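Participant: My structure is in model16.csv, and what it holds is CSV, C-alpha atoms and all ligand atoms:
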```
chain,number,residue,atom,x,y,z
A,1,MET,CA,12.3,26.0,14.0
A,2,LYS,CA,15.5,24.6,12.6
A,3,ILE,CA,14.4,21.8,10.2
A,4,GLY,CA,16.3,19.2,8.1
A,5,PHE,CA,14.3,18.0,5.1
A,6,ILE,CA,15.5,14.7,3.4
A,7,GLY,CA,13.9,13.8,0.1
A,8,LEU,CA,13.0,16.8,-2.1
A,9,GLY,CA,11.0,15.0,-4.8
A,10,ASN,CA,7.5,15.7,-6.1
A,11,MET,CA,6.1,15.8,-2.6
A,12,GLY,CA,9.0,16.9,-0.4
A,13,ALA,CA,10.0,20.0,-2.4
A,14,PRO,CA,6.7,21.8,-2.1
A,15,MET,CA,6.3,20.7,1.5
A,16,ALA,CA,9.7,22.2,2.3
A,17,ARG,CA,8.9,25.4,0.4
A,18,ASN,CA,5.7,25.9,2.5
A,19,LEU,CA,7.7,25.5,5.7
A,20,ILE,CA,10.2,28.1,4.4
A,21,ALA,CA,7.4,30.5,3.4
A,22,ALA,CA,6.1,30.2,7.0
A,23,GLY,CA,9.4,31.4,8.3
A,24,HIS,CA,11.1,28.2,9.3
A,25,ASP,CA,14.9,27.6,8.8
A,26,VAL,CA,15.0,24.6,6.4
A,27,THR,CA,18.1,22.8,5.1
A,28,GLY,CA,17.3,20.1,2.6
A,29,PHE,CA,19.2,17.1,1.3
A,30,ASP,CA,18.4,14.8,-1.7
A,31,LEU,CA,20.5,12.3,-3.6
A,32,ALA,CA,19.4,13.6,-7.0
A,33,ALA,CA,17.0,16.5,-6.8
A,34,THR,CA,18.1,20.1,-6.3
A,35,PRO,CA,14.9,22.1,-6.3
A,36,GLU,CA,15.0,25.9,-6.4
A,37,GLY,CA,14.2,28.0,-3.3
A,38,ILE,CA,15.6,25.5,-0.8
A,39,THR,CA,19.0,25.7,0.9
A,40,ILE,CA,20.7,22.3,0.0
A,41,ALA,CA,23.2,20.6,2.3
A,42,SER,CA,26.0,18.6,0.8
A,43,SER,CA,25.3,15.6,3.1
A,44,LEU,CA,22.7,14.0,5.4
A,45,ALA,CA,24.8,14.9,8.4
A,46,GLU,CA,24.9,18.6,7.4
A,47,ALA,CA,21.1,18.7,6.9
A,48,ALA,CA,20.6,17.1,10.4
A,49,ASP,CA,23.2,19.3,12.1
A,50,GLY,CA,21.4,21.3,14.9
A,51,ALA,CA,17.9,20.5,13.6
A,52,GLU,CA,15.1,20.3,16.1
A,53,ILE,CA,13.1,18.2,13.6
A,54,VAL,CA,14.3,16.2,10.7
A,55,ILE,CA,11.6,15.4,8.1
A,56,THR,CA,11.9,12.6,5.6
A,57,MET,CA,9.9,12.2,2.4
A,58,LEU,CA,11.4,9.1,0.7
A,59,PRO,CA,10.3,6.4,-1.8
A,60,ASN,CA,10.0,3.3,0.4
A,61,GLY,CA,10.7,1.5,3.7
A,62,GLU,CA,14.1,0.1,2.7
A,63,ILE,CA,15.4,3.6,1.9
A,64,LEU,CA,13.8,5.1,5.0
A,65,ARG,CA,15.5,2.5,7.2
A,66,ARG,CA,18.9,3.2,5.6
A,67,VAL,CA,18.5,7.0,5.8
A,68,ALA,CA,17.3,6.8,9.4
A,69,SER,CA,20.4,4.7,10.5
A,70,ASP,CA,22.7,7.2,8.7
A,71,LEU,CA,20.9,10.2,10.2
A,72,LEU,CA,20.7,9.0,13.8
A,73,PRO,CA,24.4,9.7,14.8
A,74,HIS,CA,24.0,13.3,13.6
A,75,MET,CA,20.7,14.1,15.4
A,76,SER,CA,20.7,15.8,18.8
A,77,PRO,CA,19.0,14.1,21.7
A,78,GLY,CA,15.5,15.5,22.1
A,79,SER,CA,15.1,16.3,18.5
A,80,ILE,CA,12.4,14.5,16.5
A,81,LEU,CA,12.4,12.4,13.3
A,82,LEU,CA,9.2,13.0,11.3
A,83,ASP,CA,8.7,10.6,8.5
A,84,CYS,CA,6.0,11.6,6.0
A,85,SER,CA,6.8,8.8,3.4
A,86,THR,CA,4.4,6.0,2.7
A,87,VAL,CA,6.2,2.8,3.9
A,88,ASP,CA,5.4,-0.6,5.4
A,89,VAL,CA,4.2,-0.7,9.0
A,90,ALA,CA,7.1,-2.9,10.0
A,91,SER,CA,9.7,-0.4,8.7
A,92,ALA,CA,7.9,2.5,10.6
A,93,ARG,CA,8.1,0.5,13.8
A,94,THR,CA,11.7,-0.6,13.3
A,95,VAL,CA,12.8,3.0,12.7
A,96,ALA,CA,10.8,4.2,15.8
A,97,ASP,CA,12.4,1.6,18.0
A,98,GLN,CA,15.9,2.5,16.8
A,99,THR,CA,15.4,6.3,17.2
A,100,GLU,CA,13.7,6.0,20.6
A,101,ALA,CA,16.6,3.9,21.9
A,102,LYS,CA,18.8,7.0,21.3
A,103,GLY,CA,16.4,9.4,23.0
A,104,ILE,CA,15.0,10.7,19.7
A,105,PRO,CA,11.2,10.3,19.4
A,106,SER,CA,9.9,9.6,15.9
A,107,LEU,CA,6.5,10.0,14.2
A,108,ASP,CA,5.2,8.1,11.1
A,109,ALA,CA,3.0,10.6,9.3
A,110,PRO,CA,2.1,9.5,5.8
A,111,VAL,CA,-0.1,11.9,3.9
A,112,SER,CA,-3.0,12.0,1.5
A,113,GLY,CA,-3.7,14.8,-0.9
A,114,GLY,CA,-0.9,14.2,-3.5
A,115,VAL,CA,1.3,16.8,-5.1
A,116,GLY,CA,-1.6,19.3,-5.3
A,117,GLY,CA,-2.1,19.1,-1.6
A,118,ALA,CA,1.6,19.3,-0.9
A,119,THR,CA,1.8,22.5,-3.0
A,120,THR,CA,-1.2,24.2,-1.5
A,121,GLY,CA,-0.5,23.1,2.1
A,122,THR,CA,-3.7,21.1,2.4
A,123,LEU,CA,-2.4,17.6,3.0
A,124,THR,CA,-4.0,15.3,5.6
A,125,PHE,CA,-1.5,13.7,7.9
A,126,MET,CA,-2.1,10.3,9.6
A,127,VAL,CA,0.2,10.1,12.5
A,128,GLY,CA,1.6,7.4,14.8
A,129,GLY,CA,4.0,8.0,17.7
A,130,PRO,CA,4.3,9.6,21.1
A,131,ASP,CA,1.9,12.4,22.3
A,132,GLU,CA,4.6,15.0,23.0
A,133,ALA,CA,6.2,14.6,19.6
A,134,PHE,CA,2.8,14.9,18.0
A,135,ALA,CA,2.2,18.1,19.9
A,136,THR,CA,5.7,19.5,19.0
A,137,ALA,CA,5.1,18.8,15.3
A,138,GLY,CA,1.6,20.2,15.3
A,139,PRO,CA,2.5,23.7,14.0
A,140,LEU,CA,4.4,22.1,11.1
A,141,PHE,CA,1.3,19.9,10.2
A,142,ASP,CA,-0.8,23.1,10.2
A,143,ILE,CA,1.5,24.7,7.6
A,144,MET,CA,1.9,21.6,5.3
A,145,GLY,CA,-1.6,20.4,5.8
A,146,GLN,CA,-5.2,21.0,6.7
A,147,LYS,CA,-5.6,18.1,9.1
A,148,ALA,CA,-3.5,15.8,11.3
A,149,VAL,CA,-5.1,12.8,13.0
A,150,HIS,CA,-3.2,11.1,15.8
A,151,CYS,CA,-3.7,7.4,15.2
A,152,GLY,CA,-1.9,6.0,18.3
A,153,PRO,CA,1.6,4.6,18.8
A,154,SER,CA,4.2,4.1,16.1
A,155,GLY,CA,3.0,2.4,13.0
A,156,GLY,CA,-0.5,3.8,13.5
A,157,GLY,CA,-0.2,6.4,10.7
A,158,GLN,CA,1.0,3.9,8.2
A,159,ALA,CA,-1.7,1.4,9.2
A,160,ALA,CA,-4.4,4.1,8.7
A,161,LYS,CA,-3.0,5.1,5.4
A,162,ILE,CA,-3.0,1.6,3.9
A,163,CYS,CA,-6.4,0.6,5.3
A,164,ASN,CA,-7.9,3.8,3.7
A,165,ASN,CA,-6.2,3.1,0.4
A,166,MET,CA,-7.1,-0.5,0.4
A,167,ILE,CA,-10.8,0.6,0.6
A,168,LEU,CA,-10.2,3.2,-2.1
A,169,GLY,CA,-8.6,0.6,-4.5
A,170,VAL,CA,-11.4,-1.9,-4.0
A,171,THR,CA,-14.2,0.7,-4.3
A,172,MET,CA,-12.6,2.2,-7.5
A,173,ILE,CA,-12.5,-1.2,-9.1
A,174,ALA,CA,-16.1,-2.0,-8.0
A,175,THR,CA,-17.3,1.4,-9.4
A,176,CYS,CA,-15.5,0.9,-12.7
A,177,GLU,CA,-16.7,-2.7,-13.3
A,178,ALA,CA,-20.3,-1.6,-12.4
A,179,PHE,CA,-20.1,1.2,-15.1
A,180,ALA,CA,-18.8,-1.3,-17.6
A,181,LEU,CA,-21.7,-3.7,-16.7
A,182,ALA,CA,-24.2,-0.8,-17.0
A,183,ASP,CA,-22.9,0.0,-20.5
A,184,LYS,CA,-23.4,-3.5,-21.6
A,185,LEU,CA,-26.9,-3.5,-20.1
A,186,GLY,CA,-27.7,-0.3,-22.1
A,187,LEU,CA,-28.0,1.8,-19.0
A,188,ASP,CA,-27.1,5.5,-19.5
A,189,ARG,CA,-24.0,6.5,-17.5
A,190,GLN,CA,-25.6,9.7,-16.2
A,191,ALA,CA,-28.6,7.8,-15.0
A,192,MET,CA,-26.3,5.3,-13.3
A,193,PHE,CA,-24.4,8.1,-11.6
A,194,ASP,CA,-27.6,9.9,-10.5
A,195,VAL,CA,-28.9,6.7,-8.9
A,196,VAL,CA,-25.7,5.3,-7.3
A,197,SER,CA,-24.4,8.6,-6.1
A,198,THR,CA,-27.6,9.0,-4.0
A,199,SER,CA,-28.1,5.3,-3.2
A,200,SER,CA,-26.4,2.7,-1.1
A,201,GLY,CA,-23.6,2.1,-3.7
A,202,TYR,CA,-22.2,5.6,-3.2
A,203,SER,CA,-18.6,6.1,-2.3
A,204,TRP,CA,-15.8,8.7,-2.7
A,205,SER,CA,-14.8,6.9,-5.9
A,206,MET,CA,-18.3,7.5,-7.4
A,207,ASN,CA,-19.3,10.8,-5.9
A,208,ALA,CA,-16.1,12.8,-5.7
A,209,TYR,CA,-13.8,11.2,-8.3
A,210,CYS,CA,-16.2,9.6,-10.8
A,211,PRO,CA,-14.2,7.5,-13.3
A,212,ALA,CA,-16.6,8.1,-16.2
A,213,PRO,CA,-15.7,11.2,-18.3
A,214,GLY,CA,-18.2,14.0,-18.4
A,215,ILE,CA,-20.2,12.6,-15.4
A,216,GLY,CA,-20.1,14.0,-11.8
A,217,PRO,CA,-17.6,16.5,-10.6
A,218,GLN,CA,-14.4,17.3,-12.5
A,219,SER,CA,-12.0,14.4,-12.1
A,220,PRO,CA,-8.9,12.9,-14.0
A,221,ALA,CA,-11.4,11.1,-16.2
A,222,ASP,CA,-12.2,14.5,-17.7
A,223,ASN,CA,-8.5,15.0,-18.5
A,224,ASP,CA,-7.8,11.8,-20.4
A,225,TYR,CA,-6.9,10.0,-17.1
A,226,GLN,CA,-3.8,12.1,-16.5
A,227,PRO,CA,-3.0,11.6,-12.8
A,228,GLY,CA,-4.3,12.6,-10.2
A,229,PHE,CA,-3.3,9.6,-8.3
A,230,ALA,CA,-1.2,7.3,-10.6
A,231,SER,CA,-2.1,3.6,-10.9
A,232,GLU,CA,1.5,2.7,-9.8
A,233,LEU,CA,1.1,4.6,-6.5
A,234,MET,CA,-2.2,2.8,-5.9
A,235,LEU,CA,-0.4,-0.5,-6.6
A,236,LYS,CA,2.4,0.4,-4.1
A,237,ASP,CA,-0.2,1.1,-1.4
A,238,LEU,CA,-2.2,-2.1,-2.1
A,239,ARG,CA,1.0,-4.1,-1.9
A,240,LEU,CA,1.8,-2.5,1.4
A,241,SER,CA,-1.7,-3.4,2.6
A,242,GLN,CA,-1.1,-7.1,1.6
A,243,GLN,CA,2.3,-7.2,3.2
A,244,ALA,CA,0.8,-5.9,6.5
A,245,ALA,CA,-2.1,-8.3,6.2
A,246,ALA,CA,0.3,-11.2,5.8
A,247,ASP,CA,2.4,-10.1,8.8
A,248,ALA,CA,-0.7,-9.6,11.0
A,249,ASP,CA,-2.5,-12.8,9.7
A,250,ALA,CA,-5.5,-10.8,8.5
A,251,ASP,CA,-7.8,-12.2,5.8
A,252,THR,CA,-8.2,-9.5,3.1
A,253,PRO,CA,-9.5,-11.2,-0.1
A,254,MET,CA,-10.8,-8.0,-1.7
A,255,GLY,CA,-7.6,-6.1,-1.1
A,256,ALA,CA,-5.6,-9.1,-2.5
A,257,ARG,CA,-7.7,-9.1,-5.6
A,258,ALA,CA,-7.4,-5.3,-6.0
A,259,ALA,CA,-3.6,-5.6,-5.7
A,260,GLU,CA,-3.6,-8.3,-8.5
A,261,LEU,CA,-5.7,-6.3,-10.8
A,262,TYR,CA,-3.6,-3.1,-10.4
A,263,ALA,CA,-0.4,-5.1,-10.8
A,264,GLN,CA,-1.8,-6.5,-14.1
A,265,PHE,CA,-3.0,-3.0,-15.2
A,266,VAL,CA,0.4,-1.4,-14.4
A,267,GLU,CA,2.7,-4.1,-15.5
A,268,ALA,CA,1.0,-5.9,-18.4
A,269,GLU,CA,-1.6,-3.4,-19.7
A,270,ASP,CA,-1.5,0.4,-20.3
A,271,GLY,CA,-2.0,1.5,-16.7
A,272,ALA,CA,1.5,2.9,-15.9
A,273,GLY,CA,1.4,6.7,-15.8
A,274,ARG,CA,-2.4,6.8,-15.9
A,275,ASP,CA,-4.7,7.8,-13.2
A,276,PHE,CA,-6.0,4.8,-11.1
A,277,SER,CA,-9.6,5.6,-12.3
A,278,ALA,CA,-8.4,4.5,-15.8
A,279,MET,CA,-9.6,1.1,-14.7
A,280,LEU,CA,-12.9,2.1,-16.3
A,281,PRO,CA,-11.6,2.1,-20.0
A,282,ARG,CA,-9.8,-1.1,-19.1
A,283,PHE,CA,-13.0,-2.9,-18.1
A,284,GLU,CA,-14.9,-1.3,-21.0
A,285,GLY,CA,-12.6,-3.0,-23.5
A,286,ARG,CA,-13.0,-6.5,-21.9
A,287,SER,CA,-15.4,-9.3,-22.1
A,288,ARG,CA,-16.1,-12.1,-19.6
A,289,SER,CA,-13.6,-14.7,-20.7
B,301,LIG,P1,9.8,11.2,-5.5
B,301,LIG,O1,10.4,9.9,-6.1
B,301,LIG,O2,9.4,12.3,-6.4
B,301,LIG,O3,10.7,11.7,-4.4
B,301,LIG,C1,11.5,11.0,-3.5
B,301,LIG,C2,12.9,11.7,-3.4
B,301,LIG,O4,13.7,11.0,-2.5
B,301,LIG,C3,13.7,11.7,-4.7
B,301,LIG,O5,13.9,13.1,-5.1
B,301,LIG,C4,14.9,10.9,-4.5
B,301,LIG,O6,16.1,11.4,-5.1
B,301,LIG,C5,15.0,11.1,-3.0
B,301,LIG,N1,15.9,10.1,-2.3
B,301,LIG,C6,15.9,8.7,-2.6
B,301,LIG,N2,16.8,8.1,-1.8
B,301,LIG,C7,17.4,9.1,-1.0
B,301,LIG,C8,18.4,9.1,-0.1
B,301,LIG,N3,19.0,7.9,0.3
B,301,LIG,N4,18.8,10.3,0.5
B,301,LIG,C9,18.2,11.4,0.1
B,301,LIG,N5,17.2,11.5,-0.8
B,301,LIG,C10,16.8,10.3,-1.4
B,301,LIG,O7,8.5,10.6,-4.7
B,301,LIG,P2,7.2,11.5,-4.2
B,301,LIG,O8,6.1,11.5,-5.2
B,301,LIG,O9,7.8,12.8,-3.6
B,301,LIG,O10,6.8,10.6,-3.0
B,301,LIG,C11,7.4,10.5,-1.7
B,301,LIG,C12,6.7,9.7,-0.8
B,301,LIG,O11,5.3,10.2,-0.6
B,301,LIG,C13,6.5,8.2,-1.2
B,301,LIG,O12,6.6,7.4,-0.1
B,301,LIG,C14,5.1,8.2,-1.8
B,301,LIG,O13,4.5,6.9,-1.7
B,301,LIG,C15,4.4,9.2,-0.9
B,301,LIG,N6,3.2,9.8,-1.5
B,301,LIG,C16,3.2,10.3,-2.7
B,301,LIG,C17,2.1,10.9,-3.3
B,301,LIG,C18,2.1,11.5,-4.7
B,301,LIG,O14,1.0,11.8,-5.2
B,301,LIG,N7,3.3,11.7,-5.3
B,301,LIG,C19,0.9,11.0,-2.5
B,301,LIG,C20,0.9,10.5,-1.2
B,301,LIG,C21,2.1,9.9,-0.7
```
Please re-express this file's structure in structure tokens.
Ligand code: NAD
Facilitator:
Amino acid sequence: MKIGFIGLGNMGAPMARNLIAAGHDVTGFDLAATPEGITIASSLAEAADGAEIVITMLPNGEILRRVASDLLPHMSPGSILLDCSTVDVASARTVADQTEAKGIPSLDAPVSGGVGGATTGTLTFMVGGPDEAFATAGPLFDIMGQKAVHCGPSGGGQAAKICNNMILGVTMIATCEAFALADKLGLDRQAMFDVVSTSSGYSWSMNAYCPAPGIGPQSPADNDYQPGFASELMLKDLRLSQQAAADADADTPMGARAAELYAQFVEAEDGAGRDFSAMLPRFEGRSRS
């Protein structure tokens, strides 16, 4: 396939390289990055020229909306816009309405799996948009990822992503505060893990990504909390969940509190640049008041 790829940052560049390695004809464009091994166009228009699919991997919804408006006049009718960025649900739906009005179907397809998954081609895609476009993009999801779930019409992929990550943020905080409480009660961390990981308090945060160093499977806690999944990315996703909750009039008190705690951690404490499980040393150093 002839593919345009816009946004060649930490995630976009390895995703584009995997498509090239699989034999696709990829032309990339980025405002700042010029990664090796990818043919770079001098403009958005040139990257979109003749492309059957244009993929975007951009920082946020505002940039996506701007890029999509600039791209649209250069895309051929029948081609597809495949956005893999994590953005707000409203931007995803706005972009879909705009492109579909021009006969260009679009898919919102945010990912989980991080830079590691982008590099090894094992991302999970959560996809919103029309059936036919999902089917056309299927072979590309197979190259860049290990799984693609069709979540319904436009916006469904972004909705799935932020609901999942809201649960993740809340359960990570709960797991960290429980470890800090266990410490103060004199409970051994290994015993705490052995009980909770096989009892009703278990979760991905405890069982697969344990925030306590030296306990459970290998995780960023064992590497001085180098990300992994950085706290500022968790904060971004929690804020998107709260923006969506406000728009949809949904009551999400735990998500709201998790967003507040990660904002405090990233902006006023030492959380920026650390893995999101570094909430554990944060709680360890605190008392009740
Ligand atoms: P990044 O900042 O490394 O890359 C974004 C790229 O977009 C940059 O190279 C930037 O120059 C480029 N860009 C910005 N505006 C542009 C424009 N107008 N035209 C062309 N290029 C433009 O970010 P990333 O880590 O690659 O993340 C990309 C998206 O993936 C984000 O939405 C993020 O939330 C999501 N995501 C990231 C991770 C992760 O672990 N990094 C995991 C899951 C999802």
Participant: Let me make sure I understand: among A:Asp131, A:Glu36, A:Glu46, A:Asp237, which one has the smallest atom-to-atom distance to ligand LIG 301 (chain B) if we use all atoms listed in the file?
Facilitator: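 Looking at the shortest contact to ligand LIG 301 (chain B), the residue is A:Asp237.
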Participant: Show me, as a list in words, the residues that have an atom within 7 Å of Ala259 in chain A when counting only C-alpha atoms, minus same-chain residues fewer than 5 positions from it.
Facilitator: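 So, after excluding close chain neighbours, the residues are Leu235, Leu238 and Arg239 of chain A.
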Participant: One number please: CA of Leu44 in chain A to CA of Glu132 in chain A, in Å, one decimal.
Facilitator: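 Pair CA of Leu44 in chain A / CA of Glu132 in chain A returns 25.3 Å.
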Participant: Identify, counting all atoms listed in the file, the protein, DNA and RNA residues located within 7 Å of ligand LIG 301 (chain B), and give them as a ChimeraX atom specification.
Facilitator: /A:6-12,29-33,57-60,63,67,84-87,110-115,229,233
Participant: For a test of reading the model, state the distance in Å between CA of Asp108 in chain A and CA of Ala51 in chain A, rounded to one decimal.
Facilitator: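 One can read the CA of Asp108 in chain A to CA of Ala51 in chain A distance as 17.9 Å.
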Participant: Pick from A:Thr124, A:Ser154, A:Thr175, A:Gln264: nearest to Asp142 in chain A, with all atoms listed in the file counted?
Facilitator: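 Residue with the minimum atom-to-atom distance to Asp142 in chain A: A:Thr124.
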Participant: Between A:Thr171, A:Ser231, A:Phe179, A:Ala221, which is the closest to Tyr202 in chain A once you count all atoms listed in the file?
Facilitator: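 Of A:Thr171, A:Ser231, A:Phe179, A:Ala221, the one nearest Tyr202 in chain A, counting all atoms listed in the file, is A:Thr171.
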Participant: Pick from A:Ile173, A:Ser91, A:Ala13, A:Gln243: nearest to Pro35 in chain A, with only C-alpha atoms counted?
Facilitator: A:Ala13
Participant: Will you model N, CA and C atoms for range 40-57 of chain A and pass it back as a short mmCIF file (atom, residue, chain, number, x, y, z; two decimals), in the coordinates of the input?
Facilitator:
```cif
data_model
loop_
_atom_site.label_atom_id
_atom_site.label_comp_id
_atom_site.auth_asym_id
_atom_site.auth_seq_id
_atom_site.Cartn_x
_atom_site.Cartn_y
_atom_site.Cartn_z
N ILE A 40 20.33 23.77 0.11
CA ILE A 40 20.70 22.30 0.00
C ILE A 40 21.98 22.06 0.72
N ALA A 41 21.98 21.05 1.58
CA ALA A 41 23.20 20.60 2.30
C ALA A 41 23.97 19.66 1.38
N SER A 42 25.26 19.48 1.67
CA SER A 42 26.00 18.60 0.80
C SER A 42 26.01 17.14 1.38
N SER A 43 25.41 16.95 2.56
CA SER A 43 25.30 15.60 3.10
C SER A 43 24.11 15.52 4.06
N LEU A 44 23.73 14.26 4.36
CA LEU A 44 22.70 14.00 5.40
C LEU A 44 23.06 14.67 6.68
N ALA A 45 24.34 14.46 7.07
CA ALA A 45 24.80 14.90 8.40
C ALA A 45 24.66 16.46 8.46
N GLU A 46 25.00 17.15 7.37
CA GLU A 46 24.90 18.60 7.40
C GLU A 46 23.44 19.06 7.51
N ALA A 47 22.54 18.34 6.84
CA ALA A 47 21.10 18.70 6.90
C ALA A 47 20.58 18.49 8.33
N ALA A 48 21.11 17.47 9.03
CA ALA A 48 20.60 17.10 10.40
C ALA A 48 21.25 17.98 11.45
N ASP A 49 22.37 18.60 11.13
CA ASP A 49 23.20 19.30 12.10
C ASP A 49 22.34 20.42 12.84
N GLY A 50 22.12 20.27 14.14
CA GLY A 50 21.40 21.30 14.90
C GLY A 50 19.91 21.34 14.69
N ALA A 51 19.37 20.42 13.86
CA ALA A 51 17.90 20.50 13.60
C ALA A 51 17.10 20.04 14.75
N GLU A 52 16.01 20.77 15.00
CA GLU A 52 15.10 20.30 16.10
C GLU A 52 14.17 19.23 15.54
N ILE A 53 13.88 19.28 14.23
CA ILE A 53 13.10 18.20 13.60
C ILE A 53 13.74 17.87 12.26
N VAL A 54 13.89 16.58 12.01
CA VAL A 54 14.30 16.20 10.70
C VAL A 54 13.12 15.46 10.02
N ILE A 55 12.71 15.97 8.86
CA ILE A 55 11.60 15.40 8.10
C ILE A 55 12.12 14.57 6.97
N THR A 56 11.54 13.39 6.76
CA THR A 56 11.90 12.60 5.60
C THR A 56 10.72 12.36 4.70
N MET A 57 10.95 12.40 3.38
CA MET A 57 9.90 12.20 2.40
C MET A 57 10.48 11.33 1.27
#
```
